[in-house]
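> The following file, start_29.csv, comprises CSV, C-alpha atoms and all ligand atoms:
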chain,number,residue,atom,x,y,z
A,1248,MET,CA,-37.0,-0.4,40.8
A,1249,THR,CA,-39.2,0.5,43.7
A,1250,LYS,CA,-40.3,-2.4,46.0
A,1251,LYS,CA,-43.7,-1.6,47.5
A,1252,SER,CA,-44.6,-2.7,51.0
A,1253,LYS,CA,-46.9,-5.6,51.3
A,1254,GLU,CA,-49.5,-3.3,53.0
A,1255,VAL,CA,-50.2,-1.9,49.5
A,1256,TYR,CA,-51.5,-5.3,48.5
A,1257,THR,CA,-52.9,-6.6,51.7
A,1258,SER,CA,-55.3,-3.7,51.7
A,1259,LEU,CA,-56.9,-5.4,48.6
A,1260,LEU,CA,-58.1,-8.3,50.8
A,1261,LYS,CA,-61.8,-8.4,51.2
A,1262,ASP,CA,-62.9,-7.2,54.7
A,1263,SER,CA,-64.9,-10.4,55.1
A,1264,VAL,CA,-61.8,-12.6,54.7
A,1265,SER,CA,-60.1,-11.1,57.7
A,1266,ASN,CA,-63.1,-12.2,59.8
A,1267,VAL,CA,-63.1,-15.8,58.7
A,1268,PRO,CA,-62.8,-18.0,61.8
A,1269,GLU,CA,-60.3,-20.9,61.8
A,1270,TYR,CA,-61.6,-24.4,61.1
A,1271,VAL,CA,-60.0,-26.7,63.7
A,1272,PRO,CA,-59.5,-30.1,62.1
A,1273,GLY,CA,-58.8,-33.4,63.9
A,1274,LYS,CA,-55.1,-34.1,63.9
A,1275,THR,CA,-53.6,-36.7,61.6
A,1276,THR,CA,-51.9,-39.8,62.9
A,1277,SER,CA,-48.4,-38.6,61.8
A,1278,GLN,CA,-48.9,-35.2,63.6
A,1279,ILE,CA,-49.9,-37.0,66.8
A,1280,VAL,CA,-47.1,-39.6,66.4
A,1281,ALA,CA,-44.5,-36.8,66.1
A,1282,GLU,CA,-46.0,-34.8,68.9
A,1283,TYR,CA,-46.3,-37.6,71.4
A,1284,GLY,CA,-43.6,-40.0,70.3
A,1285,LEU,CA,-46.0,-42.9,69.7
A,1286,ASP,CA,-45.6,-46.0,67.7
A,1287,PRO,CA,-47.6,-45.4,64.5
A,1288,LYS,CA,-48.4,-49.1,64.2
A,1289,THR,CA,-50.3,-49.2,67.5
A,1290,VAL,CA,-52.1,-45.8,67.2
A,1291,ILE,CA,-55.9,-46.0,67.0
A,1292,LYS,CA,-57.4,-42.9,65.2
A,1293,LEU,CA,-60.9,-42.1,66.2
A,1294,ASN,CA,-61.0,-38.3,66.1
A,1295,ALA,CA,-62.4,-37.5,62.6
A,1296,ASN,CA,-65.4,-39.9,62.1
A,1297,GLU,CA,-63.5,-41.8,59.4
A,1298,ASN,CA,-64.4,-45.4,58.5
A,1299,PRO,CA,-62.1,-47.6,60.6
A,1300,LEU,CA,-62.5,-50.5,58.1
A,1301,GLY,CA,-60.4,-48.6,55.5
A,1302,PRO,CA,-61.6,-48.3,51.9
A,1303,SER,CA,-63.4,-51.2,50.2
A,1304,LYS,CA,-61.0,-53.5,48.1
A,1305,LYS,CA,-63.2,-52.9,45.1
A,1306,VAL,CA,-62.6,-49.2,45.5
A,1307,THR,CA,-58.8,-49.5,45.7
A,1308,GLU,CA,-58.9,-51.8,42.6
A,1309,ALA,CA,-61.0,-49.2,40.7
A,1310,ILE,CA,-58.6,-46.4,41.6
A,1311,GLN,CA,-55.7,-48.5,40.3
A,1312,ARG,CA,-57.5,-49.3,37.1
A,1313,GLU,CA,-58.3,-45.6,36.6
A,1314,ALA,CA,-54.8,-44.4,37.3
A,1315,LYS,CA,-53.9,-44.6,33.6
A,1316,ASN,CA,-56.4,-41.8,33.0
A,1317,ALA,CA,-55.0,-39.4,35.5
A,1318,SER,CA,-53.6,-37.3,32.6
A,1319,LEU,CA,-57.1,-36.6,31.2
A,1320,TYR,CA,-59.8,-34.3,32.4
A,1321,PRO,CA,-62.9,-36.0,33.7
A,1322,THR,CA,-66.4,-35.2,32.4
A,1323,ALA,CA,-67.1,-31.6,33.5
A,1324,ASP,CA,-70.2,-32.4,35.5
A,1325,ALA,CA,-69.3,-35.9,36.8
A,1326,SER,CA,-72.4,-37.3,34.9
A,1327,ASN,CA,-71.3,-41.0,35.3
A,1328,LEU,CA,-71.2,-40.6,39.1
A,1329,ARG,CA,-74.4,-38.5,39.1
A,1330,ARG,CA,-76.1,-41.3,37.2
A,1331,ALA,CA,-74.8,-43.9,39.7
A,1332,LEU,CA,-76.2,-41.8,42.4
A,1333,THR,CA,-79.7,-41.8,40.9
A,1334,GLU,CA,-80.1,-45.4,41.8
A,1335,TYR,CA,-78.6,-45.0,45.3
A,1336,THR,CA,-80.7,-41.9,46.2
A,1337,GLY,CA,-83.9,-42.6,44.2
A,1338,PHE,CA,-83.7,-39.1,42.6
A,1339,PRO,CA,-83.1,-38.3,38.9
A,1340,ILE,CA,-79.9,-36.7,37.7
A,1341,GLU,CA,-81.4,-33.2,37.5
A,1342,ASN,CA,-81.6,-33.3,41.3
A,1343,ILE,CA,-78.0,-34.4,41.9
A,1344,VAL,CA,-74.6,-32.5,41.9
A,1345,ALA,CA,-71.3,-34.2,42.9
A,1346,ALA,CA,-68.2,-32.1,43.7
A,1347,GLY,CA,-65.0,-32.0,45.6
A,1348,PRO,CA,-63.2,-31.3,47.9
A,1349,GLY,CA,-65.9,-33.1,49.9
A,1350,MET,CA,-69.3,-31.8,50.9
A,1351,ASP,CA,-67.4,-28.7,52.1
A,1352,SER,CA,-67.2,-27.6,48.4
A,1353,LEU,CA,-71.0,-27.8,48.1
A,1354,ILE,CA,-71.4,-25.8,51.3
A,1355,ASP,CA,-69.2,-23.2,49.7
A,1356,ALA,CA,-71.1,-23.4,46.4
A,1357,LEU,CA,-74.5,-22.9,48.2
A,1358,ASN,CA,-73.1,-19.8,49.9
A,1359,LYS,CA,-71.7,-18.6,46.6
A,1360,LEU,CA,-75.2,-19.0,45.1
A,1361,PHE,CA,-77.2,-17.5,47.9
A,1362,VAL,CA,-75.1,-15.5,50.4
A,1363,GLY,CA,-73.6,-12.0,49.8
A,1364,ASP,CA,-72.5,-9.1,52.0
A,1365,GLY,CA,-74.8,-8.6,55.0
A,1366,ASP,CA,-77.0,-11.7,54.4
A,1367,GLU,CA,-77.7,-13.9,57.4
A,1368,VAL,CA,-77.4,-17.7,57.8
A,1369,ILE,CA,-78.8,-19.5,60.8
A,1370,ILE,CA,-76.8,-22.2,62.5
A,1371,PRO,CA,-78.1,-24.2,65.4
A,1372,VAL,CA,-75.1,-25.0,67.7
A,1373,PRO,CA,-73.2,-27.0,68.6
A,1374,THR,CA,-72.8,-28.3,65.0
A,1375,PHE,CA,-70.3,-28.8,62.2
A,1376,THR,CA,-68.3,-25.5,62.2
A,1377,TYR,CA,-67.7,-25.1,58.4
A,1378,TYR,CA,-71.2,-23.7,57.7
A,1379,GLY,CA,-70.3,-20.5,59.5
A,1380,ILE,CA,-66.7,-20.3,58.3
A,1381,SER,CA,-67.9,-20.6,54.7
A,1382,ALA,CA,-70.7,-18.1,55.0
A,1383,VAL,CA,-68.3,-15.5,56.5
A,1384,GLY,CA,-66.0,-16.0,53.5
A,1385,PHE,CA,-68.9,-14.8,51.2
A,1386,GLY,CA,-69.7,-11.8,53.4
A,1387,GLY,CA,-72.5,-13.6,55.3
A,1388,ILE,CA,-73.3,-13.2,58.9
A,1389,PRO,CA,-73.8,-16.4,60.9
A,1390,VAL,CA,-76.6,-16.2,63.5
A,1391,TYR,CA,-75.9,-18.9,66.0
A,1392,VAL,CA,-79.0,-20.4,67.8
A,1393,PRO,CA,-78.4,-22.7,70.7
A,1394,LEU,CA,-79.9,-26.2,70.7
A,1395,ASN,CA,-81.9,-27.1,73.8
A,1396,PRO,CA,-79.7,-28.0,76.8
A,1397,ASP,CA,-80.2,-31.7,76.1
A,1398,TYR,CA,-79.0,-30.9,72.5
A,1399,SER,CA,-82.4,-31.6,71.0
A,1400,PHE,CA,-83.4,-29.3,68.1
A,1401,ASN,CA,-85.4,-26.1,68.9
A,1402,ALA,CA,-87.4,-25.1,65.8
A,1403,ASP,CA,-89.1,-22.2,67.5
A,1404,ALA,CA,-85.8,-20.7,68.5
A,1405,VAL,CA,-84.6,-21.0,64.9
A,1406,LEU,CA,-87.9,-19.4,63.6
A,1407,LYS,CA,-87.4,-16.5,66.1
A,1408,ALA,CA,-84.0,-15.8,64.6
A,1409,VAL,CA,-85.3,-15.6,61.0
A,1410,THR,CA,-85.2,-12.1,59.5
A,1411,ASP,CA,-85.8,-10.9,55.9
A,1412,LYS,CA,-82.0,-11.2,55.5
A,1413,THR,CA,-82.0,-14.9,56.3
A,1414,LYS,CA,-80.8,-16.9,53.2
A,1415,ILE,CA,-79.9,-20.3,54.5
A,1416,ILE,CA,-80.7,-22.3,57.6
A,1417,TRP,CA,-78.1,-25.0,58.1
A,1418,LEU,CA,-79.4,-28.2,59.8
A,1419,CYS,CA,-77.4,-31.3,60.4
A,1420,SER,CA,-79.1,-34.7,61.0
A,1421,PRO,CA,-77.6,-36.8,62.5
A,1422,ASN,CA,-75.9,-33.8,64.0
A,1423,ASN,CA,-72.1,-33.6,64.4
A,1424,PRO,CA,-71.1,-33.7,67.3
A,1425,THR,CA,-74.3,-34.4,69.3
A,1426,GLY,CA,-75.4,-37.4,67.2
A,1427,ASN,CA,-79.2,-36.7,67.4
A,1428,LEU,CA,-81.7,-36.1,64.6
A,1429,VAL,CA,-83.8,-33.2,63.4
A,1430,ALA,CA,-87.5,-34.3,63.1
A,1431,ALA,CA,-89.2,-34.1,59.7
A,1432,GLU,CA,-92.0,-32.0,61.3
A,1433,ASP,CA,-89.5,-29.4,62.4
A,1434,VAL,CA,-88.0,-29.2,58.9
A,1435,VAL,CA,-91.5,-28.8,57.4
A,1436,LYS,CA,-92.2,-26.0,59.9
A,1437,LEU,CA,-89.1,-24.1,58.8
A,1438,ALA,CA,-89.6,-24.8,55.1
A,1439,GLU,CA,-93.2,-23.5,55.3
A,1440,LYS,CA,-92.8,-20.6,57.6
A,1441,THR,CA,-89.6,-19.1,56.1
A,1442,ASN,CA,-88.5,-18.1,52.6
A,1443,ALA,CA,-85.0,-19.4,53.4
A,1444,ILE,CA,-83.1,-22.4,51.9
A,1445,ILE,CA,-83.2,-25.2,54.4
A,1446,PHE,CA,-80.0,-27.3,54.1
A,1447,ILE,CA,-80.0,-30.7,55.8
A,1448,ASP,CA,-76.5,-32.2,56.2
A,1449,GLU,CA,-76.9,-35.9,56.0
A,1450,ALA,CA,-73.2,-36.8,56.2
A,1451,TYR,CA,-74.0,-39.6,58.7
A,1452,VAL,CA,-77.4,-40.6,57.5
A,1453,GLU,CA,-76.4,-44.2,56.5
A,1454,PHE,CA,-75.6,-44.9,60.2
A,1455,SER,CA,-79.0,-43.8,61.4
A,1456,GLU,CA,-81.9,-46.1,62.2
A,1457,ALA,CA,-84.2,-43.3,60.9
A,1458,ARG,CA,-84.9,-42.7,57.2
A,1459,SER,CA,-83.4,-39.9,55.2
A,1460,LEU,CA,-85.3,-36.6,55.1
A,1461,SER,CA,-84.8,-36.5,51.3
A,1462,PHE,CA,-88.5,-37.4,50.8
A,1463,LEU,CA,-89.3,-33.8,51.8
A,1464,LEU,CA,-87.8,-32.7,48.5
A,1465,LYS,CA,-90.9,-34.0,46.7
A,1466,GLU,CA,-92.9,-31.3,48.5
A,1467,TYR,CA,-90.6,-28.3,48.9
A,1468,GLU,CA,-88.6,-26.2,46.5
A,1469,ASN,CA,-86.4,-24.8,49.3
A,1470,ILE,CA,-84.8,-28.0,50.8
A,1471,VAL,CA,-81.3,-29.2,49.9
A,1472,ILE,CA,-79.7,-32.4,51.2
A,1473,GLY,CA,-75.9,-32.7,51.6
A,1474,ARG,CA,-74.2,-36.0,51.6
A,1475,THR,CA,-70.6,-37.3,51.5
A,1476,PHE,CA,-68.5,-40.3,50.5
A,1477,SER,CA,-66.2,-39.6,53.6
A,1478,LYS,CA,-68.1,-41.6,56.2
A,1479,ALA,CA,-70.1,-44.8,55.4
A,1480,PHE,CA,-68.4,-45.3,52.0
A,1481,GLY,CA,-64.9,-44.9,53.6
A,1482,LEU,CA,-63.5,-42.4,51.2
A,1483,ALA,CA,-62.6,-39.3,53.3
A,1484,GLY,CA,-59.3,-39.0,51.5
A,1485,MET,CA,-60.9,-38.8,48.1
A,1486,ARG,CA,-62.8,-35.6,49.1
A,1487,LEU,CA,-66.1,-36.1,47.5
A,1488,GLY,CA,-69.6,-34.9,48.4
A,1489,TYR,CA,-73.0,-34.5,46.7
A,1490,THR,CA,-76.3,-32.7,47.0
A,1491,ILE,CA,-79.8,-33.7,46.3
A,1492,ALA,CA,-81.7,-30.6,45.5
A,1493,PRO,CA,-84.6,-29.2,43.5
A,1494,ALA,CA,-83.7,-28.8,39.8
A,1495,TRP,CA,-83.5,-25.0,40.0
A,1496,ILE,CA,-80.9,-25.2,42.7
A,1497,THR,CA,-79.0,-28.1,41.0
A,1498,SER,CA,-78.6,-26.0,37.8
A,1499,GLY,CA,-77.5,-23.0,39.9
A,1500,LEU,CA,-74.9,-25.1,41.7
A,1501,LEU,CA,-73.6,-26.5,38.4
A,1502,ARG,CA,-73.1,-22.9,37.2
A,1503,VAL,CA,-71.1,-21.7,40.2
A,1504,LEU,CA,-69.0,-24.8,40.9
A,1505,PRO,CA,-65.7,-24.9,39.0
A,1506,PRO,CA,-65.8,-27.3,36.1
A,1507,PHE,CA,-64.2,-30.7,36.6
A,1508,ALA,CA,-65.1,-30.6,40.3
A,1509,VAL,CA,-64.7,-34.4,40.6
A,1510,SER,CA,-61.3,-35.9,39.8
A,1511,VAL,CA,-61.1,-39.0,37.6
A,1512,LEU,CA,-59.9,-41.1,40.6
A,1513,ALA,CA,-62.6,-39.8,42.9
A,1514,GLU,CA,-65.3,-40.5,40.4
A,1515,ALA,CA,-64.1,-44.0,39.7
A,1516,ALA,CA,-63.7,-44.6,43.5
A,1517,ALA,CA,-67.2,-43.3,44.3
A,1518,ILE,CA,-68.9,-45.4,41.5
A,1519,ALA,CA,-67.1,-48.5,42.8
A,1520,ALA,CA,-68.1,-47.6,46.4
A,1521,ILE,CA,-71.8,-47.3,45.4
A,1522,ASN,CA,-71.7,-50.7,43.7
A,1523,ASP,CA,-70.0,-52.4,46.6
A,1524,LYS,CA,-73.2,-52.9,48.6
A,1525,GLU,CA,-71.5,-55.5,50.9
A,1526,TYR,CA,-68.9,-53.1,52.2
A,1527,LEU,CA,-71.5,-50.4,52.9
A,1528,LYS,CA,-73.7,-52.9,54.7
A,1529,ALA,CA,-70.7,-54.2,56.8
A,1530,SER,CA,-69.7,-50.7,57.8
A,1531,VAL,CA,-73.2,-49.6,58.7
A,1532,GLU,CA,-73.9,-52.8,60.6
A,1533,MET,CA,-70.6,-52.6,62.5
A,1534,VAL,CA,-71.4,-49.0,63.7
A,1535,GLN,CA,-75.0,-49.8,64.6
A,1536,ALA,CA,-74.0,-52.8,66.7
A,1537,GLU,CA,-70.8,-51.3,68.3
A,1538,ARG,CA,-72.3,-47.9,69.0
A,1539,GLN,CA,-74.8,-49.2,71.5
A,1540,LYS,CA,-72.3,-51.5,73.2
A,1541,LEU,CA,-69.9,-48.7,73.5
A,1542,ILE,CA,-72.4,-46.3,75.0
A,1543,GLU,CA,-73.4,-48.9,77.6
A,1544,SER,CA,-69.9,-49.8,78.5
A,1545,ILE,CA,-68.8,-46.2,78.9
A,1546,SER,CA,-71.8,-45.4,81.0
A,1547,LYS,CA,-70.7,-48.2,83.4
A,1548,THR,CA,-67.4,-46.3,83.9
A,1549,SER,CA,-69.5,-43.5,85.3
A,1550,TYR,CA,-69.0,-41.0,82.4
A,1551,LYS,CA,-72.1,-39.9,80.6
A,1552,ALA,CA,-72.2,-41.1,76.9
A,1553,TYR,CA,-75.0,-39.6,74.8
A,1554,PRO,CA,-77.2,-41.7,72.4
A,1555,SER,CA,-76.1,-41.2,68.8
A,1556,GLU,CA,-77.4,-41.9,65.3
A,1557,GLY,CA,-74.0,-41.3,63.7
A,1558,ASN,CA,-70.7,-43.2,63.6
A,1559,PHE,CA,-69.5,-41.2,66.7
A,1560,ILE,CA,-70.6,-40.5,70.2
A,1561,ILE,CA,-70.0,-37.7,72.6
A,1562,VAL,CA,-69.1,-38.2,76.2
A,1563,ASP,CA,-69.2,-35.8,79.1
A,1564,VAL,CA,-65.8,-36.3,80.9
A,1565,SER,CA,-66.6,-34.0,83.9
A,1566,PRO,CA,-65.0,-33.4,86.3
A,1567,LYS,CA,-62.1,-33.7,83.9
A,1568,ASN,CA,-61.9,-31.2,81.0
A,1569,SER,CA,-61.9,-32.4,77.4
A,1570,LYS,CA,-58.2,-31.5,76.8
A,1571,ALA,CA,-57.1,-33.6,79.8
A,1572,ALA,CA,-59.2,-36.5,78.5
A,1573,VAL,CA,-57.8,-36.2,75.0
A,1574,ASP,CA,-54.2,-36.2,76.5
A,1575,SER,CA,-55.0,-39.2,78.7
A,1576,PHE,CA,-56.3,-41.2,75.7
A,1577,LEU,CA,-53.2,-40.3,73.8
A,1578,ARG,CA,-51.1,-41.9,76.5
A,1579,ASN,CA,-53.1,-45.0,75.7
A,1580,GLY,CA,-52.4,-44.6,71.9
A,1581,ILE,CA,-56.0,-43.5,71.1
A,1582,ILE,CA,-56.7,-40.3,69.2
A,1583,ILE,CA,-60.1,-38.7,70.1
A,1584,ARG,CA,-61.5,-35.3,69.6
A,1585,SER,CA,-62.0,-32.5,72.1
A,1586,CYS,CA,-65.3,-30.7,71.4
A,1587,ASP,CA,-63.8,-27.3,72.6
A,1588,SER,CA,-63.8,-25.9,69.1
A,1589,PHE,CA,-67.6,-26.4,68.7
A,1590,GLN,CA,-69.8,-23.6,70.0
A,1591,ASN,CA,-72.2,-24.1,72.9
A,1592,ILE,CA,-70.9,-27.4,74.2
A,1593,GLY,CA,-68.6,-26.3,77.0
A,1594,LYS,CA,-65.1,-27.6,77.9
A,1595,ASN,CA,-65.9,-31.1,79.2
A,1596,THR,CA,-67.0,-33.0,76.2
A,1597,VAL,CA,-65.1,-35.3,73.8
A,1598,ARG,CA,-66.2,-36.9,70.6
A,1599,ILE,CA,-65.2,-40.5,69.7
A,1600,THR,CA,-65.6,-42.3,66.4
A,1601,VAL,CA,-67.2,-45.7,66.8
A,1602,GLY,CA,-64.5,-48.3,66.0
A,1603,THR,CA,-64.3,-52.0,65.6
A,1604,SER,CA,-65.1,-54.2,68.6
A,1605,GLU,CA,-61.4,-54.5,69.5
A,1606,MET,CA,-60.9,-50.7,69.3
A,1607,ASN,CA,-64.0,-50.1,71.4
A,1608,GLN,CA,-62.8,-52.4,74.2
A,1609,LYS,CA,-59.6,-50.2,74.3
A,1610,ILE,CA,-61.7,-47.1,74.5
A,1611,VAL,CA,-63.5,-48.5,77.5
A,1612,LYS,CA,-60.2,-49.3,79.2
A,1613,ALA,CA,-59.0,-45.8,78.4
A,1614,PHE,CA,-62.0,-44.4,80.2
A,1615,GLU,CA,-61.2,-46.5,83.3
A,1616,PHE,CA,-57.6,-45.2,83.1
A,1617,LEU,CA,-59.0,-41.7,82.9
A,1618,LYS,CA,-61.2,-42.2,85.9
A,1619,ASN,CA,-58.3,-43.4,88.0
A,1620,GLU,CA,-55.9,-40.6,86.9
A,1621,LYS,CA,-55.2,-37.8,89.3
B,1,LIG,C1,-71.7,-32.9,59.5
B,1,LIG,C2,-70.6,-32.9,58.5
B,1,LIG,N1,-70.8,-32.3,57.3
B,1,LIG,C3,-69.9,-32.3,56.4
B,1,LIG,C4,-68.6,-32.8,56.6
B,1,LIG,C5,-67.6,-32.6,55.6
B,1,LIG,O1,-67.6,-33.7,54.8
B,1,LIG,P1,-66.6,-33.9,53.6
B,1,LIG,O2,-65.5,-34.8,54.1
B,1,LIG,O3,-67.4,-34.5,52.5
B,1,LIG,O4,-66.1,-32.5,53.2
B,1,LIG,C6,-68.3,-33.4,57.8
B,1,LIG,C7,-67.0,-33.9,58.1
B,1,LIG,O5,-66.7,-34.4,59.1
B,1,LIG,C8,-69.3,-33.4,58.8
B,1,LIG,O6,-69.1,-33.9,60.0
Would you kindly transcribe this structure into structure tokens?
Ligand SMILES: Cc1ncc(COP(=O)(O)O)c(C=O)c1O


Amino acid sequence: MTKKSKEVYTSLLKDSVSNVPEYVPGKTTSQIVAEYGLDPKTVIKLNANENPLGPSKKVTEAIQREAKNASLYPTADASNLRRALTEYTGFPIENIVAAGPGMDSLIDALNKLFVGDGDEVIIPVPTFTYYGISAVGFGGIPVYVPLNPDYSFNADAVLKAVTDKTKIIWLCSPNNPTGNLVAAEDVVKLAEKTNAIIFIDEAYVEFSEARSLSFLLKEYENIVIGRTFSKAFGLAGMRLGYTIAPAWITSGLLRVLPPFAVSVLAEAAAIAAINDKEYLKASVEMVQAERQKLIESISKTSYKAYPSEGNFIIVDVSPKNSKAAVDSFLRNGIIIRSCDSFQNIGKNTVRITVGTSEMNQKIVKAFEFLKNEK
């Protein structure tokens, strides 16, 4: 027997794969507890924009009821969930695709559908990093376009970056991590002046005071909306997202996604979550009320907190750097996120998920602690 060296096989790897940048996730509570020797019961986790209220009781009951069907495949295209989403979104089933793991799977599916070797995708930064990571995996070239210095959206800069190789323009509204919106007029400008697909990531739309941009789908055949159950619905662990898209894109997505892309438990959980309107209302109302109070209280500690339409805020912790701030918060048992891994936001910004009133009071105290630290 001759054993061949691994290089014989690693040479099979696609060139594009070796260029895929790393996605830097927020750490889990158990990772942090082990690293910093904290008491898990007292740790407050506000680094991943999860819902601090935990899942709805109706959802956990639905998951328990559905557990007996875990040995069976679900419906291949999650049609029950898609039907439940027709009422929630106001769009018919031929405009809706649901899939897991999370909206991330639909970002992949769109790249699989539209992006091949040498194609370009435009990504205004700072923003959610997975758009670029996913594109590179399909041989695409991310073209990063900076937001304005105040993080507002710059449609003209995006238009300037468009070439005949541009396949997808990735927009995020409310934007992670900056919390601001993209205006409908800017989306219209891009939709009309380019032949690219305009993706609008509305992972955080429920928390916004502004309306969804999904109404633009009635006018344009090149707009896709991405949504998730991870945030307002409190189901990040279920890993489920959906798109609202023109029928021609929906049928393309259904062809390229793996069959059974939504597990029986995720489908049952999501349907129960859509039906639990009180939970959704409570989580949105909590964020909308607490977000403003938090921004005002942090601003009084002399750090600059930016306005936000999401369930998170960013804070400039200068003259401290973001890593020092994250460490200082950990000493107070609070896990927040350094923005270092986002492009074009510098080394002095942290992102904090809006918590309950009690959690937010602890955040403000942690900022006072940070200010007084050497
Ligand atoms: C803007 C944005 N889009 C998409 C996602 C991914 O969502 P999901 O958990 O559905 O994969 C996130 C996750 O934090 C996000 O912030």

> Using all atoms listed in the file, which of the listed residues (A:Ile1291, A:Met1485, A:Ile1445, A:Val1409) sits closest to ligand LIG 1 (chain B)?

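Using all atoms listed in the file, ligand LIG 1 (chain B) sits closest to A:Met1485.
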
> Return as a ChimeraX atom specification the residues of protein, DNA or RNA that approach ligand LIG 1 (chain B) to within 10 Å, with only C-alpha atoms and all ligand atoms taken into account.

/A:1272-1273,1294-1297,1346-1354,1374-1378,1418-1424,1426,1447-1452,1473-1478,1482-1489,1557,1559

> Excluding same-chain residues fewer than 3 positions from range 1524-1529 of chain A, what lies within 12 Å of it counting all atoms listed in the file, as a VMD selection string?

chain A and resid 1298 to 1306 1335 1453 to 1454 1476 1478 to 1482 1517 to 1521 1532 to 1537 1603

> How many Å lie between CA of Glu1439 in chain A and CA of Asn1591 in chain A, rounded to one decimal?

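Going from CA of Glu1439 in chain A over to CA of Asn1591 in chain A, I get 27.4 Å.
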
> Just how far from CA of Val1392 in chain A is CA of Arg1598 in chain A, in Å to one decimal?

21.1 Å

> Using only C-alpha atoms, can you list as a PyMOL selection string the residues within 12 Å of (-71.7, -32.0, 38.3)?

chain A and resi 1321-1330+1332+1340-1347+1352-1353+1356+1487-1491+1497-1510+1514

> With only C-alpha atoms as the atoms that count, which of A:Ala1457, A:Ala1331, A:Leu1319, A:Ala1402 lies nearest to Ala1438 in chain A?

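Result for the nearest residue to Ala1438 in chain A: A:Ala1402.
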
> Find the residues near Ile1582 in chain A: any atom within 12 Å, counting all atoms listed in the file, skip ones fewer than 4 places away on the same chain, and give them as a PyMOL selection string.

chain A and resi 1273-1280+1283+1285+1287+1289-1296+1570+1572-1578+1597-1600+1602+1606+1609-1610+1613

> In Å, with one decimal, what is the gap from CA of Phe1338 in chain A to CA of Lys1414 in chain A?

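About the pair CA of Phe1338 in chain A and CA of Lys1414 in chain A: they are 24.8 Å apart.
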
> So, counting all atoms listed in the file, which residue among A:Ala1571, A:Val1429, A:Val1435, A:Leu1464 is closest to Ile1496 in chain A?

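Among the listed residues, A:Leu1464 lies closest to Ile1496 in chain A.
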
> Looking at A:Thr1410, A:Ser1565, A:Ile1415, A:Arg1584, which one is nearest to Val1471 in chain A, with distances taken over all atoms listed in the file?

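Among A:Thr1410, A:Ser1565, A:Ile1415, A:Arg1584, it is A:Ile1415 that comes nearest to Val1471 in chain A.
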
> For a cut-off of 6 Å around (-73.5, -12.7, 50.9), file coordinates, pick out all residues using only C-alpha atoms and list them as a PyMOL selection string.

chain A and resi 1362-1366+1385-1387

> Looking at A:Ser1252, A:Asn1266, A:Gln1311, A:Thr1336, which one is nearest to Gly1384 in chain A, with distances taken over only C-alpha atoms?

A:Asn1266

> Tell me which of A:Ile1416, A:Ala1382, A:Ala1430, A:Ala1516 sits closest to Asn1469 in chain A, counting only C-alpha atoms.

A:Ile1416
